[in-house]
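Asker: Hey, dropping model_13.txt in here, compact mmCIF, C-alpha atoms:
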```txt
# COMPACT_ATOMS: atom_id res chain seq x y z
CA MET D 179 -52.94 17.03 19.36
CA ASP D 180 -55.43 17.05 22.20
CA GLN D 181 -58.06 14.33 21.63
CA THR D 182 -60.49 15.69 24.20
CA ARG D 183 -64.14 15.28 23.31
CA MET D 184 -66.74 17.30 25.16
CA THR D 185 -70.50 17.04 25.15
CA ILE D 186 -72.53 20.17 24.57
CA GLY D 187 -73.21 20.50 28.30
CA GLN D 188 -69.56 20.10 29.20
CA LEU D 189 -68.52 22.69 26.61
CA ALA D 190 -71.22 25.07 27.80
CA ARG D 191 -70.04 24.83 31.41
CA ALA D 192 -66.35 25.08 30.51
CA SER D 193 -66.73 27.99 28.09
CA GLY D 194 -69.56 30.00 29.63
CA VAL D 195 -71.48 29.79 26.34
CA SER D 196 -75.03 28.55 26.78
CA VAL D 197 -76.23 25.22 25.40
CA ARG D 198 -78.89 27.16 23.51
CA THR D 199 -76.22 29.28 21.81
CA LEU D 200 -74.16 26.22 20.88
CA ARG D 201 -77.26 24.57 19.37
CA HIS D 202 -78.00 27.76 17.44
CA TYR D 203 -74.45 27.91 16.11
CA ASP D 204 -74.82 24.28 14.97
CA GLN D 205 -78.22 24.95 13.41
CA ILE D 206 -76.90 27.83 11.29
CA GLY D 207 -73.72 25.96 10.36
CA LEU D 208 -71.41 28.28 12.26
CA LEU D 209 -70.08 25.63 14.66
CA THR D 210 -70.89 22.07 13.71
CA PRO D 211 -69.19 19.54 15.98
CA GLN D 212 -66.88 17.18 14.16
CA ALA D 213 -68.20 14.13 15.98
CA ARG D 214 -71.36 12.66 17.42
CA THR D 215 -72.05 9.75 19.71
CA LEU D 216 -73.94 6.69 18.43
CA ALA D 217 -77.03 8.25 20.00
CA GLY D 218 -76.47 11.45 18.02
CA TYR D 219 -75.19 13.67 20.83
CA ARG D 220 -72.76 16.37 19.80
CA LEU D 221 -69.10 15.87 20.69
CA TYR D 222 -66.79 18.86 20.41
CA CYS D 223 -63.07 18.39 19.80
CA HIS D 224 -60.11 20.74 20.07
CA ASP D 225 -60.67 22.27 16.61
CA ASP D 226 -64.34 22.93 17.43
CA ILE D 227 -63.36 24.62 20.68
CA GLU D 228 -60.77 26.73 18.87
CA ARG D 229 -63.41 27.77 16.33
CA LEU D 230 -65.78 28.66 19.18
CA GLN D 231 -63.06 30.88 20.64
CA HIS D 232 -62.73 32.69 17.30
CA ILE D 233 -66.52 33.06 17.03
CA ARG D 234 -66.83 34.52 20.52
CA LEU D 235 -63.92 36.89 19.96
CA LEU D 236 -65.39 38.23 16.74
CA LYS D 237 -68.86 38.37 18.31
CA ALA D 238 -67.42 40.42 21.20
CA LEU D 239 -66.01 42.77 18.57
CA THR D 240 -69.61 43.21 17.33
CA TRP D 241 -69.31 41.18 14.12
CA PRO D 242 -72.63 39.77 12.85
CA LEU D 243 -72.82 35.96 12.84
CA ARG D 244 -73.23 35.78 9.03
CA ASP D 245 -69.98 37.73 8.59
CA ILE D 246 -68.22 35.57 11.17
CA ALA D 247 -69.21 32.43 9.28
CA ASP D 248 -67.97 33.89 6.00
CA LEU D 249 -64.71 35.00 7.56
CA LEU D 250 -63.96 31.69 9.29
CA ASN D 251 -64.86 29.62 6.21
CA ARG D 252 -62.48 31.42 3.86
CA ARG D 253 -59.44 29.60 2.61
CA PRO D 254 -56.88 30.62 3.56
CA PRO D 255 -58.45 32.01 6.70
CA VAL D 256 -58.08 35.76 6.99
CA LEU D 257 -58.56 35.85 10.73
CA ALA D 258 -55.16 37.43 11.45
CA ALA D 259 -55.77 40.28 8.99
CA THR D 260 -59.24 40.84 10.41
CA LEU D 261 -57.98 40.86 13.97
CA ASN D 262 -55.26 43.34 12.99
CA TRP D 263 -57.92 45.59 11.48
CA GLN D 264 -60.01 45.31 14.66
CA LEU D 265 -56.93 46.08 16.76
CA GLU D 266 -56.34 49.25 14.74
CA ALA D 267 -59.97 50.25 15.32
CA ILE D 268 -59.57 49.62 19.05
CA ASP D 269 -56.34 51.65 19.14
CA SER D 270 -58.18 54.50 17.44
CA ARG D 271 -60.98 54.24 19.99
CA VAL D 272 -58.47 54.25 22.86
CA ALA D 273 -56.88 57.42 21.47
CA GLN D 274 -60.32 59.05 21.30
CA LEU D 275 -61.08 58.02 24.86
CA GLN D 276 -57.74 59.38 26.06
CA GLN D 277 -58.53 62.72 24.43
CA VAL D 278 -61.96 62.83 26.07
CA ARG D 279 -60.38 61.87 29.40
CA ALA D 280 -57.85 64.68 29.15
CA THR D 281 -60.59 67.17 28.35
CA ILE D 282 -62.69 66.00 31.29
CA GLN D 283 -59.68 66.23 33.61
CA THR D 284 -59.18 69.82 32.49
CA LEU D 285 -62.83 70.58 33.22
CA ILE D 286 -62.56 68.95 36.68
CA ARG D 287 -59.45 70.96 37.56
CA SER D 288 -61.18 74.14 36.49
CA VAL D 289 -64.29 73.39 38.57
CA GLU D 290 -62.29 72.24 41.62
CA THR D 291 -60.20 75.41 41.68
CA GLY D 292 -63.35 77.51 41.70
CA GLY D 293 -62.93 78.56 38.11
CA GLN D 294 -65.67 78.69 35.60
CA VAL D 295 -65.76 76.35 32.66
CA SER D 296 -65.97 78.27 29.42
CA THR D 297 -68.51 77.61 26.73
CA THR D 298 -65.65 76.68 24.41
CA GLU D 299 -64.40 74.01 26.85
CA PHE D 300 -67.90 72.53 27.17
CA LEU D 301 -68.34 72.54 23.40
CA THR D 302 -64.96 70.84 22.92
CA GLN D 303 -65.96 68.10 25.33
CA LEU D 304 -69.40 67.72 23.72
CA LYS D 305 -67.86 67.47 20.27
CA GLU D 306 -65.44 64.76 21.40
CA MET D 307 -68.27 62.77 22.98
CA THR D 308 -70.41 63.14 19.87
CA GLN D 309 -67.58 61.90 17.66
CA MET D 310 -67.16 58.86 19.90
CA GLU D 311 -70.86 58.05 19.69
CA LYS D 312 -70.68 58.18 15.89
CA HIS D 313 -67.86 55.66 15.93
CA TYR D 314 -70.24 52.86 16.95
CA SER D 315 -73.85 52.36 15.92
CA PRO D 316 -76.50 52.25 18.68
CA GLU D 317 -76.74 48.47 18.14
CA GLN D 318 -72.99 48.09 18.53
CA LEU D 319 -73.02 50.19 21.69
CA GLU D 320 -75.83 48.01 23.05
CA THR D 321 -73.88 44.84 22.22
CA LEU D 322 -70.78 46.24 23.93
CA ALA D 323 -72.82 47.16 27.02
CA SER D 324 -74.38 43.70 27.24
CA ARG D 325 -70.98 42.04 26.73
CA ARG D 326 -69.52 44.26 29.48
CA ALA D 327 -72.35 43.21 31.81
CA GLU D 328 -71.88 39.56 30.80
CA LEU D 329 -68.15 39.67 31.61
CA GLY D 330 -68.65 41.45 34.93
CA GLU D 331 -66.20 43.74 36.66
CA ALA D 332 -63.27 41.30 36.50
CA GLY D 333 -63.78 40.71 32.75
```
I'd like the structure from this file rewritten - as C-alpha cells, please.
Answerer:
Amino acid sequence: MDQTRMTIGQLARASGVSVRTLRHYDQIGLLTPQARTLAGYRLYCHDDIERLQHIRLLKALTWPLRDIADLLNRRPPVLAATLNWQLEAIDSRVAQLQQVRATIQTLIRSVETGGQVSTTEFLTQLKEMTQMEKHYSPEQLETLASRRAELGEAG
C-alpha cells in the first residue's frame, strides 16, 4: 500500500479542494486525517485521500454532507449501491435531455425551412423542460451550476 503522507496544503494543491474545506471536513468529522505530526499538523494518507474522493464525488452528485458522512460510515459501506442508484438517476436525466434535444431539433428544422411552429409543438417542448426542472430542486440546480463553473469547460 502507498505510504504517502500529505500535509493539508499539499492535499489541497493536489486535489483542488481548498484548505478551508479540508479543515471543515475535519471539524465535522467527515474527513479526519489518520495521522498528525508531533506539532499537530494534519497528515493525510492514501485511505484519507480515497475517502476525500468519495466525498467529492457524492458532493458533486448533490448529496448533503450529513448524508455523505452517514453513507461512508456504514458497515459494510453501501457506496457501490448508492453510486448505482445515482447512475440510474443520471441515465434517466440523459434520456430526458435527449428527448428535449430531439424536440428542439424538430423546432429548429421547422423554423429554418420557413415553417411555423405549432402551439402543440411549443407546448410539448415547454412540458419537457418543466418536467426536467422538477427533477432537481432549485438548490440542486444551483449546486450543479456552481460545480460546472468550478470544473470549467474541460471538466
Asker: Between CA of Gly218 in chain D and CA of Leu235 in chain D, what distance in Å does the model show, to one decimal?
Answerer: 28.4 Å
Asker: Would you mind listing what lies within 8 Å of range 192-207 of chain D as a ChimeraX atom specification, with all atoms listed in the file counted and same-chain residues fewer than 5 positions away left out?
Answerer: /D:186-187,247
Asker: Those same residues, written as an mmCIF file, in the coordinates of the input with C-alpha atoms?
Answerer:
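Written file, out_18.cif:
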```
data_model
loop_
_atom_site.group_PDB
_atom_site.id
_atom_site.type_symbol
_atom_site.label_atom_id
_atom_site.label_comp_id
_atom_site.auth_asym_id
_atom_site.auth_seq_id
_atom_site.Cartn_x
_atom_site.Cartn_y
_atom_site.Cartn_z
ATOM 1 C CA ILE D 186 -72.530 20.170 24.570
ATOM 2 C CA GLY D 187 -73.210 20.500 28.300
ATOM 3 C CA ALA D 247 -69.210 32.430 9.280
#
```
Asker: Between D:Ser288, D:Gln277, D:Gln283, D:Gln231, which one has atoms that come closest to Glu306 in chain D, using only C-alpha atoms?
Answerer: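 Of all the options, D:Gln277 lies closest to Glu306 in chain D.
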Asker: Report the distance between CA of Asp245 in chain D and CA of Glu266 in chain D in Å, rounded to one decimal place.
Answerer: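 If I compute the distance from CA of Asp245 in chain D to CA of Glu266 in chain D, I get 18.9 Å.
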Asker: Pick out the residues sitting within 10 Å of Leu265 in chain D, and hand them over as number ranges by chain; count all atoms listed in the file, and ignore anything fewer than 6 positions along from it in its own chain.
Answerer: D: 239, 259, 271
Asker: May I have the residues from that selection written out with C-alpha atoms, as a short mmCIF file (atom, residue, chain, number, x, y, z; two decimals), in the coordinates of the input?
Answerer:
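What follows is the written file again10.cif:
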```cif
data_model
loop_
_atom_site.label_atom_id
_atom_site.label_comp_id
_atom_site.auth_asym_id
_atom_site.auth_seq_id
_atom_site.Cartn_x
_atom_site.Cartn_y
_atom_site.Cartn_z
CA LEU D 239 -66.01 42.77 18.57
CA ALA D 259 -55.77 40.28 8.99
CA ARG D 271 -60.98 54.24 19.99
#
```
Asker: Interatomic distance between CA of Thr215 in chain D and CA of Leu189 in chain D?
Answerer: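 So the two atoms, CA of Thr215 in chain D and CA of Leu189 in chain D, lie 15.1 Å apart.
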Asker: Which residue, D:Thr240, D:Thr297, D:Gln264, D:Gln212, has the smallest gap to Ile227 in chain D when you use only C-alpha atoms?
Answerer: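 Of the candidates, the smallest distance to Ile227 in chain D is held by D:Gln212.
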Asker: From the options D:Ala258, D:Trp263, D:Glu299, D:Thr291, which residue's atoms come nearest to Val278 in chain D, counting only C-alpha atoms?
Answerer: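 Checking each candidate against Val278 in chain D, we get D:Glu299 as the closest.
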